[in-house]
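Here is my_file.csv, consisting of CSV, C-alpha atoms (C1' of nucleotides):
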```csv
chain,number,residue,atom,x,y,z
W,1,MET,CA,105.7,115.2,167.5
W,2,ILE,CA,106.9,118.7,167.7
W,3,ASP,CA,104.5,121.4,168.7
W,4,ARG,CA,105.6,124.3,166.6
W,5,LEU,CA,108.9,124.8,164.7
W,6,PRO,CA,110.7,128.1,165.2
W,7,ASP,CA,110.3,130.6,162.3
W,8,ASP,CA,113.9,130.6,161.4
W,9,THR,CA,113.9,126.8,161.0
W,10,ILE,CA,111.0,127.0,158.6
W,11,ARG,CA,112.7,129.8,156.8
W,12,THR,CA,115.8,127.7,156.5
W,13,TRP,CA,113.8,124.8,155.1
W,14,ALA,CA,112.2,127.0,152.6
W,15,ARG,CA,115.5,128.4,151.6
W,16,LEU,CA,117.0,124.9,151.2
W,17,VAL,CA,114.2,123.9,148.8
W,18,ARG,CA,114.5,127.1,146.9
W,19,VAL,CA,118.3,127.3,146.6
W,20,GLN,CA,118.6,123.7,145.7
W,21,GLN,CA,116.0,124.0,142.9
W,22,ASP,CA,117.8,127.1,141.7
W,23,LEU,CA,121.1,125.4,141.6
W,24,LEU,CA,119.8,122.4,139.7
W,25,ASP,CA,118.1,124.7,137.2
W,26,HIS,CA,121.4,126.5,136.6
W,27,VAL,CA,123.3,123.3,136.2
W,28,GLU,CA,120.7,121.8,133.8
W,29,ALA,CA,120.8,125.1,131.8
W,30,ASP,CA,124.6,124.9,131.6
W,31,LEU,CA,124.4,121.3,130.3
W,32,LYS,CA,121.8,122.2,127.8
W,33,ALA,CA,123.8,125.2,126.6
W,34,ALA,CA,126.7,122.9,125.9
W,35,GLY,CA,124.4,120.7,123.8
W,36,LEU,CA,124.4,117.9,126.4
W,37,PRO,CA,121.6,115.7,127.8
W,38,PRO,CA,120.0,116.2,131.2
W,39,LEU,CA,121.7,115.3,134.4
W,40,VAL,CA,119.8,112.0,135.0
W,41,TRP,CA,121.5,110.7,131.9
W,42,TYR,CA,124.8,111.5,133.5
W,43,ASP,CA,123.8,109.9,136.8
W,44,VAL,CA,122.9,106.6,135.0
W,45,LEU,CA,126.1,106.6,133.0
W,46,LEU,CA,128.2,107.4,136.0
W,47,GLU,CA,126.8,104.6,138.1
W,48,LEU,CA,127.6,102.2,135.4
W,49,VAL,CA,131.0,103.5,134.5
W,50,ARG,CA,132.0,103.2,138.2
W,51,GLU,CA,131.3,99.5,138.2
W,52,PRO,CA,134.5,97.5,137.4
W,53,ASP,CA,132.7,95.7,134.5
W,54,GLY,CA,130.5,98.6,133.5
W,55,ARG,CA,127.3,96.8,134.3
W,56,LEU,CA,124.6,96.8,137.0
W,57,ARG,CA,121.4,95.0,137.5
W,58,TYR,CA,118.3,97.0,136.9
W,59,ARG,CA,117.1,96.9,140.5
W,60,ASP,CA,120.5,98.0,141.8
W,61,LEU,CA,120.7,100.9,139.4
W,62,GLN,CA,117.2,101.8,140.5
W,63,ALA,CA,118.1,101.7,144.1
W,64,ARG,CA,121.1,104.0,143.6
W,65,LEU,CA,119.2,106.5,141.6
W,66,LEU,CA,116.1,106.8,143.7
W,67,LEU,CA,114.0,106.6,140.6
W,68,ALA,CA,110.7,105.0,140.3
W,69,LYS,CA,111.1,101.8,138.4
W,70,HIS,CA,108.8,102.6,135.5
W,71,ASN,CA,110.6,105.9,135.0
W,72,LEU,CA,114.0,104.2,134.9
W,73,SER,CA,112.7,101.7,132.4
W,74,ARG,CA,111.7,104.5,130.0
W,75,LEU,CA,114.9,106.5,130.7
W,76,LEU,CA,116.9,103.4,129.7
W,77,ASP,CA,114.8,103.1,126.6
W,78,ARG,CA,116.0,106.5,125.6
W,79,LEU,CA,119.6,105.8,126.5
W,80,ALA,CA,119.4,102.5,124.5
W,81,ALA,CA,118.0,104.4,121.5
W,82,GLU,CA,121.2,106.4,121.5
W,83,ASP,CA,123.3,103.3,121.9
W,84,LEU,CA,124.7,104.5,125.3
W,85,ILE,CA,123.6,101.3,127.1
W,86,THR,CA,122.4,97.9,126.2
W,87,ARG,CA,120.2,95.4,128.1
W,88,GLU,CA,121.5,91.9,128.6
W,89,ALA,CA,120.1,88.9,130.3
W,90,VAL,CA,121.3,87.9,133.8
W,91,ALA,CA,122.8,84.5,134.1
W,92,ASP,CA,121.1,83.2,137.2
W,93,ASP,CA,117.9,85.1,137.1
W,94,ALA,CA,115.8,84.9,134.0
W,95,ARG,CA,113.7,87.9,135.0
W,96,GLY,CA,116.6,90.1,135.5
W,97,ALA,CA,118.0,92.7,133.2
W,98,CYS,CA,121.6,93.7,133.2
W,99,ILE,CA,122.3,97.3,132.1
W,100,VAL,CA,125.7,97.7,130.4
W,101,VAL,CA,127.4,100.9,129.3
W,102,THR,CA,128.6,100.9,125.7
W,103,ALA,CA,131.8,102.6,124.5
W,104,ALA,CA,129.6,105.5,123.3
W,105,GLY,CA,128.1,105.7,126.8
W,106,ARG,CA,131.5,105.9,128.4
W,107,GLN,CA,132.5,108.5,126.0
W,108,LEU,CA,129.5,110.7,126.6
W,109,GLN,CA,130.0,110.4,130.4
W,110,LYS,CA,133.6,111.7,129.9
W,111,ARG,CA,132.3,114.5,127.7
W,112,ILE,CA,129.7,115.6,130.2
W,113,TRP,CA,131.9,115.6,133.2
W,114,PRO,CA,134.0,118.8,132.5
W,115,VAL,CA,130.9,120.8,131.9
W,116,TYR,CA,129.2,119.4,135.0
W,117,HIS,CA,132.4,120.0,137.0
W,118,GLN,CA,132.5,123.6,135.9
W,119,ALA,CA,128.9,124.1,136.8
W,120,ILE,CA,129.5,122.7,140.3
W,121,ALA,CA,132.5,125.0,140.6
W,122,THR,CA,130.6,128.0,139.4
W,123,HIS,CA,127.3,127.6,141.2
W,124,PHE,CA,128.3,125.8,144.3
W,125,ALA,CA,131.9,125.5,145.3
W,126,GLY,CA,132.9,128.9,144.2
W,127,LYS,CA,130.5,130.5,146.6
W,128,LEU,CA,131.6,128.6,149.7
W,129,SER,CA,134.8,128.3,151.8
W,130,GLY,CA,136.4,125.0,152.5
W,131,ALA,CA,135.0,125.1,156.0
W,132,ASP,CA,131.5,125.7,154.7
W,133,VAL,CA,131.7,122.7,152.4
W,134,LYS,CA,132.9,120.5,155.3
W,135,LYS,CA,130.1,121.8,157.6
W,136,LEU,CA,127.5,121.3,154.9
W,137,GLY,CA,128.7,117.8,154.3
W,138,ASP,CA,128.3,117.0,158.0
W,139,ILE,CA,124.8,118.5,158.1
W,140,LEU,CA,123.7,116.6,155.0
W,141,ASP,CA,125.0,113.5,156.6
W,142,LYS,CA,122.7,113.9,159.5
W,143,LEU,CA,119.8,114.5,157.3
W,144,ARG,CA,120.5,111.4,155.4
W,145,ARG,CA,119.5,109.1,158.3
L,1,MET,CA,137.8,128.8,136.1
L,2,ILE,CA,138.8,126.3,138.7
L,3,ASP,CA,141.2,123.6,137.7
L,4,ARG,CA,139.9,120.7,139.7
L,5,LEU,CA,137.6,120.6,142.6
L,6,PRO,CA,138.6,118.5,145.6
L,7,ASP,CA,136.9,115.1,145.9
L,8,ASP,CA,135.1,115.9,149.1
L,9,THR,CA,133.6,119.0,147.6
L,10,ILE,CA,132.2,116.9,144.7
L,11,ARG,CA,131.0,114.4,147.2
L,12,THR,CA,129.3,117.1,149.2
L,13,TRP,CA,127.6,118.4,146.0
L,14,ALA,CA,126.4,114.9,145.2
L,15,ARG,CA,125.1,114.5,148.7
L,16,LEU,CA,123.3,117.8,148.5
L,17,VAL,CA,121.5,116.8,145.4
L,18,ARG,CA,120.6,113.4,146.7
L,19,VAL,CA,119.5,114.3,150.2
L,20,GLN,CA,117.4,117.2,148.9
L,21,GLN,CA,115.6,115.0,146.4
L,22,ASP,CA,115.1,112.4,149.1
L,23,LEU,CA,113.6,114.9,151.5
L,24,LEU,CA,111.2,116.3,148.9
L,25,ASP,CA,110.1,112.8,147.9
L,26,HIS,CA,109.3,112.1,151.6
L,27,VAL,CA,107.4,115.3,152.0
L,28,GLU,CA,105.4,114.8,148.9
L,29,ALA,CA,104.6,111.3,150.0
L,30,ASP,CA,103.4,112.6,153.3
L,31,LEU,CA,101.1,115.1,151.6
L,32,LYS,CA,99.8,112.5,149.3
L,33,ALA,CA,99.2,110.0,152.1
L,34,ALA,CA,97.1,112.7,153.8
L,35,GLY,CA,95.1,113.1,150.6
L,36,LEU,CA,96.5,116.5,149.9
L,37,PRO,CA,97.7,118.0,146.6
L,38,PRO,CA,101.4,118.4,145.7
L,39,LEU,CA,103.7,121.0,147.2
L,40,VAL,CA,103.5,123.5,144.3
L,41,TRP,CA,99.9,124.0,145.0
L,42,TYR,CA,100.8,125.0,148.5
L,43,ASP,CA,103.5,127.2,147.3
L,44,VAL,CA,101.1,129.1,145.1
L,45,LEU,CA,98.5,129.4,147.7
L,46,LEU,CA,101.0,130.5,150.3
L,47,GLU,CA,102.3,133.3,148.2
L,48,LEU,CA,98.8,134.6,147.6
L,49,VAL,CA,97.6,134.2,151.2
L,50,ARG,CA,100.7,136.2,152.3
L,51,GLU,CA,99.6,139.2,150.3
L,52,PRO,CA,97.5,141.6,152.3
L,53,ASP,CA,94.7,141.5,149.7
L,54,GLY,CA,95.2,137.9,148.7
L,55,ARG,CA,96.2,138.7,145.1
L,56,LEU,CA,99.3,138.9,142.9
L,57,ARG,CA,100.0,139.7,139.4
L,58,TYR,CA,100.8,136.7,137.3
L,59,ARG,CA,104.4,137.7,136.5
L,60,ASP,CA,105.1,138.5,140.2
L,61,LEU,CA,103.8,135.1,141.2
L,62,GLN,CA,106.0,133.5,138.5
L,63,ALA,CA,109.1,135.4,139.7
L,64,ARG,CA,108.6,134.1,143.3
L,65,LEU,CA,108.0,130.5,142.3
L,66,LEU,CA,110.8,130.1,139.9
L,67,LEU,CA,108.4,128.4,137.6
L,68,ALA,CA,108.4,128.7,133.8
L,69,LYS,CA,105.5,130.8,132.7
L,70,HIS,CA,103.7,128.2,130.7
L,71,ASN,CA,103.9,125.8,133.5
L,72,LEU,CA,102.4,128.3,135.9
L,73,SER,CA,99.7,129.0,133.5
L,74,ARG,CA,98.6,125.4,133.4
L,75,LEU,CA,99.1,125.0,137.2
L,76,LEU,CA,96.7,127.9,137.7
L,77,ASP,CA,94.2,126.3,135.3
L,78,ARG,CA,94.2,123.3,137.7
L,79,LEU,CA,93.8,125.4,140.8
L,80,ALA,CA,91.1,127.4,139.1
L,81,ALA,CA,89.3,124.2,138.2
L,82,GLU,CA,89.1,123.5,141.9
L,83,ASP,CA,88.0,127.0,142.7
L,84,LEU,CA,91.1,127.7,144.7
L,85,ILE,CA,92.0,130.8,142.8
L,86,THR,CA,90.4,133.1,140.2
L,87,ARG,CA,91.9,135.2,137.5
L,88,GLU,CA,90.9,138.8,137.3
L,89,ALA,CA,91.8,141.7,135.0
L,90,VAL,CA,94.4,144.3,136.1
L,91,ALA,CA,93.2,147.8,136.2
L,92,ASP,CA,96.0,149.6,134.5
L,93,ASP,CA,97.3,146.9,132.2
L,94,ALA,CA,94.9,145.1,129.9
L,95,ARG,CA,97.4,142.3,129.3
L,96,GLY,CA,97.8,141.5,132.9
L,97,ALA,CA,96.2,138.8,134.9
L,98,CYS,CA,95.7,139.1,138.6
L,99,ILE,CA,95.6,135.9,140.5
L,100,VAL,CA,93.3,135.9,143.6
L,101,VAL,CA,92.9,133.2,146.3
L,102,THR,CA,89.4,132.2,147.0
L,103,ALA,CA,88.0,131.3,150.4
L,104,ALA,CA,88.4,127.7,149.5
L,105,GLY,CA,92.0,128.4,148.5
L,106,ARG,CA,92.7,129.9,151.9
L,107,GLN,CA,91.0,127.0,153.6
L,108,LEU,CA,93.1,124.4,151.7
L,109,GLN,CA,96.3,126.3,152.5
L,110,LYS,CA,95.4,126.1,156.2
L,111,ARG,CA,94.6,122.4,155.9
L,112,ILE,CA,97.9,121.6,154.2
L,113,TRP,CA,100.1,123.5,156.6
L,114,PRO,CA,100.0,121.2,159.6
L,115,VAL,CA,100.8,118.2,157.5
L,116,TYR,CA,103.6,120.0,155.8
L,117,HIS,CA,104.9,121.4,159.1
L,118,GLN,CA,104.9,117.9,160.5
L,119,ALA,CA,106.8,116.6,157.5
L,120,ILE,CA,109.4,119.4,157.9
L,121,ALA,CA,109.8,118.5,161.6
L,122,THR,CA,110.2,114.8,160.9
L,123,HIS,CA,112.4,114.8,157.9
L,124,PHE,CA,114.4,118.0,158.5
L,125,ALA,CA,114.3,119.8,161.8
L,126,GLY,CA,114.2,116.7,163.9
L,127,LYS,CA,117.5,115.5,162.6
L,128,LEU,CA,119.4,118.8,163.2
L,129,SER,CA,120.5,120.8,166.2
L,130,GLY,CA,119.6,124.5,166.4
L,131,ALA,CA,123.2,125.3,165.6
L,132,ASP,CA,123.1,123.1,162.5
L,133,VAL,CA,120.0,124.9,161.3
L,134,LYS,CA,121.6,128.3,161.8
L,135,LYS,CA,124.8,127.2,160.0
L,136,LEU,CA,122.9,125.7,157.2
L,137,GLY,CA,120.9,128.9,156.8
L,138,ASP,CA,124.1,130.9,156.5
L,139,ILE,CA,125.6,128.5,154.0
L,140,LEU,CA,122.4,128.6,151.9
L,141,ASP,CA,122.5,132.3,152.0
L,142,LYS,CA,125.9,132.4,150.5
L,143,LEU,CA,124.8,130.0,147.7
L,144,ARG,CA,121.8,132.2,146.9
L,145,ARG,CA,124.0,134.9,145.4
M,1,DC,C1',100.1,159.7,115.2
M,2,DT,C1',102.7,155.4,113.6
M,3,DC,C1',105.7,152.0,113.8
M,4,DC,C1',108.6,148.8,116.5
M,5,DA,C1',110.6,146.5,120.2
M,6,DG,C1',109.5,144.5,124.5
M,7,DT,C1',106.2,142.6,127.9
M,8,DT,C1',102.5,139.5,129.4
M,9,DG,C1',100.0,135.5,129.4
M,10,DT,C1',98.1,131.6,126.8
M,11,DT,C1',98.0,127.5,123.7
M,12,DG,C1',99.4,123.6,120.3
M,13,DC,C1',102.3,120.0,120.4
M,14,DA,C1',106.1,116.9,121.9
M,15,DA,C1',108.7,114.8,125.7
M,16,DT,C1',108.8,113.2,130.2
M,17,DT,C1',106.8,111.5,134.5
M,18,DA,C1',103.2,109.2,137.4
M,19,DC,C1',99.9,105.6,138.2
M,20,DA,C1',98.0,101.1,137.6
M,21,DA,C1',98.0,96.8,135.8
M,22,DC,C1',100.6,93.2,134.0
M,23,DA,C1',103.6,89.0,132.6
M,24,DA,C1',107.3,86.1,133.9
M,25,DA,C1',110.2,84.1,136.9
M,26,DA,C1',112.0,83.2,141.6
M,27,DT,C1',111.0,82.0,146.3
M,28,DA,C1',108.4,80.3,150.2
M,29,DC,C1',105.0,77.3,152.0
M,30,DT,C1',102.3,73.0,152.5
B,1,DA,C1',105.5,68.2,143.5
B,2,DG,C1',101.9,72.0,143.7
B,3,DT,C1',100.3,76.4,144.9
B,4,DA,C1',100.5,81.0,146.7
B,5,DT,C1',103.5,85.0,147.4
B,6,DT,C1',107.1,88.1,146.2
B,7,DT,C1',110.4,90.1,143.1
B,8,DT,C1',111.6,92.0,138.7
B,9,DG,C1',110.9,94.6,134.9
B,10,DT,C1',107.8,96.4,131.2
B,11,DT,C1',103.7,98.7,129.1
B,12,DG,C1',99.0,101.2,128.5
B,13,DT,C1',97.2,105.4,129.7
B,14,DA,C1',96.7,109.8,131.9
B,15,DA,C1',98.8,113.9,134.0
B,16,DT,C1',102.5,117.1,134.0
B,17,DT,C1',106.3,119.7,132.1
B,18,DG,C1',109.1,121.7,128.4
B,19,DC,C1',109.5,124.1,124.0
B,20,DA,C1',108.1,127.2,120.4
B,21,DA,C1',104.9,130.1,118.5
B,22,DC,C1',101.3,133.2,119.3
B,23,DA,C1',97.9,137.1,120.2
B,24,DA,C1',97.1,141.2,122.8
B,25,DC,C1',98.8,144.9,124.8
B,26,DT,C1',102.3,148.6,126.4
B,27,DG,C1',105.7,152.1,126.0
B,28,DG,C1',108.9,154.6,123.6
B,29,DA,C1',111.3,156.6,119.2
B,30,DG,C1',110.7,159.0,115.1
```
Please lay out the structure from this file as structure tokens.
Amino acid sequence: MIDRLPDDTIRTWARLVRVQQDLLDHVEADLKAAGLPPLVWYDVLLELVREPDGRLRYRDLQARLLLAKHNLSRLLDRLAAEDLITREAVADDARGACIVVTAAGRQLQKRIWPVYHQAIATHFAGKLSGADVKKLGDILDKLRR
Amino acid sequence: MIDRLPDDTIRTWARLVRVQQDLLDHVEADLKAAGLPPLVWYDVLLELVREPDGRLRYRDLQARLLLAKHNLSRLLDRLAAEDLITREAVADDARGACIVVTAAGRQLQKRIWPVYHQAIATHFAGKLSGADVKKLGDILDKLRR
DNA sequence: CTCCAGTTGTTGCAATTACAACAAAATACT
DNA sequence: AGTATTTTGTTGTAATTGCAACAACTGGAG
């Protein structure tokens, strides 16, 4: 219980919220301008592509994405409709759903990355020194706990 | 045009996105747990309360909130439905709408603040040193441009 | 004055997200 | 085994957000 936060702490918080929203808006706009799907699609595909066998259980995917389960379910519906992923049964758990990237899914992930990479460079990395990035990383690490 | 960002820069970006989302989720959850409306409501009320006469033109409010105009229009519908704001005509511009906080709006803003303040203290300020906050502020400032 | 481009704010409609309830299967407990 | 509890994932429905078109108005050029 803290009595009263200093004004500059509050200002920094406000700025964090604001800047972050602004950054994401710009990145999303860049993706859209390139005719690409929103960032969450990429997040899902990336998590799957990173796995050695290109598959993850639903709940594990959910845990990594910090997405409410019902939202993920519908997001996957949309990805499946585009043949970017498929749902398979899990061997030892009949409830489970295994999410698998398709070849098209891998291809799309590869296609999004350069655009996303460029956006990160433009809106984020290009504005900071190496030392800034390092320091920011340390600070974010503390916030994560 | 940057050739290829270093891995740790990309990791820091990813962490920024993740941590920020996580922080906001927690803050929103705290507000909801206290039976309070979402953060945007507070943002709108705060902008208005800060004005000496408790009013702002629609477009100015929009510019400060980084909200798409149609979204703000509907958000204001909801606030108006709870009698937290009212819309008034602007003297010298018949198109314009002036958004005015009501007494109930001011009261709600005052009621939200302690909860929001506590959430900032818990999830943000409490995890960082004063120097961290200062450094973070500087970095965010660079990103803003 | 008259027309035309730009601004301001709202609205119809589609897509996405949130909440609540649910079915099905696994796990724990007696 | 038999029953309650928890986990896992989906779905119906309502709220919110995004997109495009719109009406009303302003301000400036001819």
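When the distance limit is 7 Å and all atoms listed in the file are what count, the residues near region 13-28 of chain M, minus those fewer than 5 positions from it on the same chain, are Asn71, Ala94 and Arg95 of chain W.
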Neighbours of region 60-69 of chain L within 9 Å (all atoms listed in the file; same-chain residues fewer than 3 positions away dropped), as JSON, numbers by chain?
{"W": [18, 21, 22], "L": [40, 43, 44, 47, 48, 56, 57, 72, 73, 74, 99], "M": [9], "B": [18]}
For the residues selected in the previous step, produce a file with C-alpha atoms (C1' of nucleotides) as an mmCIF file, in the coordinates of the input.
```cif
data_model
loop_
_atom_site.group_PDB
_atom_site.id
_atom_site.type_symbol
_atom_site.label_atom_id
_atom_site.label_comp_id
_atom_site.auth_asym_id
_atom_site.auth_seq_id
_atom_site.Cartn_x
_atom_site.Cartn_y
_atom_site.Cartn_z
ATOM 1 C CA ARG W 18 114.500 127.100 146.900
ATOM 2 C CA GLN W 21 116.000 124.000 142.900
ATOM 3 C CA ASP W 22 117.800 127.100 141.700
ATOM 4 C CA VAL L 40 103.500 123.500 144.300
ATOM 5 C CA ASP L 43 103.500 127.200 147.300
ATOM 6 C CA VAL L 44 101.100 129.100 145.100
ATOM 7 C CA GLU L 47 102.300 133.300 148.200
ATOM 8 C CA LEU L 48 98.800 134.600 147.600
ATOM 9 C CA LEU L 56 99.300 138.900 142.900
ATOM 10 C CA ARG L 57 100.000 139.700 139.400
ATOM 11 C CA LEU L 72 102.400 128.300 135.900
ATOM 12 C CA SER L 73 99.700 129.000 133.500
ATOM 13 C CA ARG L 74 98.600 125.400 133.400
ATOM 14 C CA ILE L 99 95.600 135.900 140.500
ATOM 15 C "C1'" DG M 9 100.000 135.500 129.400
ATOM 16 C "C1'" DG B 18 109.100 121.700 128.400
#
```
Please report as JSON, numbers by chain which residues of chain L come no farther than 6 Å from chain W, using only C-alpha atoms.
{"L": [12, 127, 137, 143]}
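You can rank W:Val100, W:Ala131, W:Leu31, W:Leu108 by their closest distance to Asp53 (chain W) using all atoms listed in the file, and at the top of that list sits W:Val100.
Taking CA of Gly35 (chain W) as the reference point, C1' of DT11 (chain M) is found at 27.3 Å.
Across the structure, C1' of DT17 (chain B) and CA of Arg59 (chain W) are spaced 26.6 Å apart.
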Restricting the calculation to only C-alpha atoms (C1' of nucleotides): of L:Arg50, L:His70, L:His26, L:Arg78, which residue gets closest to chain M?
L:His70
Could you jot down the CA of Arg106 (chain L) to CA of Leu45 (chain L) separation for me, Å, one decimal place?
7.2 Å
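Once region 21-29 of chain B and its same-chain neighbours fewer than 4 positions away are set aside, L:Asp93, L:Ala94, L:Arg95, L:Gly96, M:DC4, M:DA5, M:DG6, M:DT7, M:DT8, M:DT10, M:DT11, M:DG12 remain within 9 Å of it when counting all atoms listed in the file.
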Which of these residues is nearest to chain L, using all atoms listed in the file: B:DT13, B:DG30, B:DT6, B:DA20?
B:DA20
Completion step: region 28-56 of chain L with N, CA and C atoms as a short mmCIF file (atom, residue, chain, number, x, y, z; two decimals), in the frame of the given file:
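And here is the file that came out, out-v7.cif:
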```
data_model
loop_
_atom_site.label_atom_id
_atom_site.label_comp_id
_atom_site.auth_asym_id
_atom_site.auth_seq_id
_atom_site.Cartn_x
_atom_site.Cartn_y
_atom_site.Cartn_z
N GLU L 28 106.52 115.00 149.82
CA GLU L 28 105.40 114.80 148.90
C GLU L 28 104.63 113.55 149.21
N ALA L 29 105.33 112.53 149.61
CA ALA L 29 104.60 111.30 150.00
C ALA L 29 103.74 111.51 151.18
N ASP L 30 104.22 112.28 152.14
CA ASP L 30 103.40 112.60 153.30
C ASP L 30 102.13 113.32 152.93
N LEU L 31 102.30 114.29 152.05
CA LEU L 31 101.10 115.10 151.60
C LEU L 31 100.14 114.16 150.90
N LYS L 32 100.65 113.36 150.01
CA LYS L 32 99.80 112.50 149.30
C LYS L 32 99.06 111.49 150.22
N ALA L 33 99.81 110.99 151.19
CA ALA L 33 99.20 110.00 152.10
C ALA L 33 98.07 110.69 152.91
N ALA L 34 98.15 112.01 153.07
CA ALA L 34 97.10 112.70 153.80
C ALA L 34 95.98 113.17 152.81
N GLY L 35 96.08 112.72 151.57
CA GLY L 35 95.10 113.10 150.60
C GLY L 35 95.15 114.51 150.14
N LEU L 36 96.33 115.09 150.23
CA LEU L 36 96.50 116.50 149.90
C LEU L 36 97.24 116.64 148.55
N PRO L 37 97.08 117.79 147.91
CA PRO L 37 97.70 118.00 146.60
C PRO L 37 99.22 118.24 146.76
N PRO L 38 99.94 118.25 145.64
CA PRO L 38 101.40 118.40 145.70
C PRO L 38 101.84 119.76 146.23
N LEU L 39 103.11 119.80 146.56
CA LEU L 39 103.70 121.00 147.20
C LEU L 39 103.55 122.26 146.43
N VAL L 40 103.67 122.21 145.12
CA VAL L 40 103.50 123.50 144.30
C VAL L 40 102.22 124.15 144.58
N TRP L 41 101.19 123.36 144.74
CA TRP L 41 99.90 124.00 145.00
C TRP L 41 99.99 124.80 146.28
N TYR L 42 100.61 124.22 147.27
CA TYR L 42 100.80 125.00 148.50
C TYR L 42 101.60 126.21 148.31
N ASP L 43 102.66 126.09 147.54
CA ASP L 43 103.50 127.20 147.30
C ASP L 43 102.75 128.39 146.68
N VAL L 44 101.93 128.07 145.71
CA VAL L 44 101.10 129.10 145.10
C VAL L 44 100.18 129.74 146.08
N LEU L 45 99.44 128.89 146.78
CA LEU L 45 98.50 129.40 147.70
C LEU L 45 99.13 130.26 148.79
N LEU L 46 100.29 129.79 149.26
CA LEU L 46 101.00 130.50 150.30
C LEU L 46 101.37 131.93 149.86
N GLU L 47 101.92 132.01 148.66
CA GLU L 47 102.30 133.30 148.20
C GLU L 47 101.14 134.28 148.10
N LEU L 48 100.01 133.74 147.71
CA LEU L 48 98.80 134.60 147.60
C LEU L 48 98.27 134.96 148.96
N VAL L 49 98.20 133.99 149.84
CA VAL L 49 97.60 134.20 151.20
C VAL L 49 98.48 135.27 151.92
N ARG L 50 99.76 135.26 151.64
CA ARG L 50 100.70 136.20 152.30
C ARG L 50 100.42 137.63 151.94
N GLU L 51 99.88 137.83 150.76
CA GLU L 51 99.60 139.20 150.30
C GLU L 51 98.43 139.76 151.10
N PRO L 52 98.52 141.02 151.47
CA PRO L 52 97.50 141.60 152.30
C PRO L 52 96.07 141.47 151.65
N ASP L 53 96.01 141.59 150.31
CA ASP L 53 94.70 141.50 149.70
C ASP L 53 94.53 140.13 148.94
N GLY L 54 95.41 139.20 149.25
CA GLY L 54 95.20 137.90 148.70
C GLY L 54 95.37 137.80 147.17
N ARG L 55 96.13 138.68 146.58
CA ARG L 55 96.20 138.70 145.10
C ARG L 55 97.64 139.08 144.69
N LEU L 56 98.02 138.57 143.52
CA LEU L 56 99.30 138.90 142.90
C LEU L 56 99.18 138.91 141.44
#
```
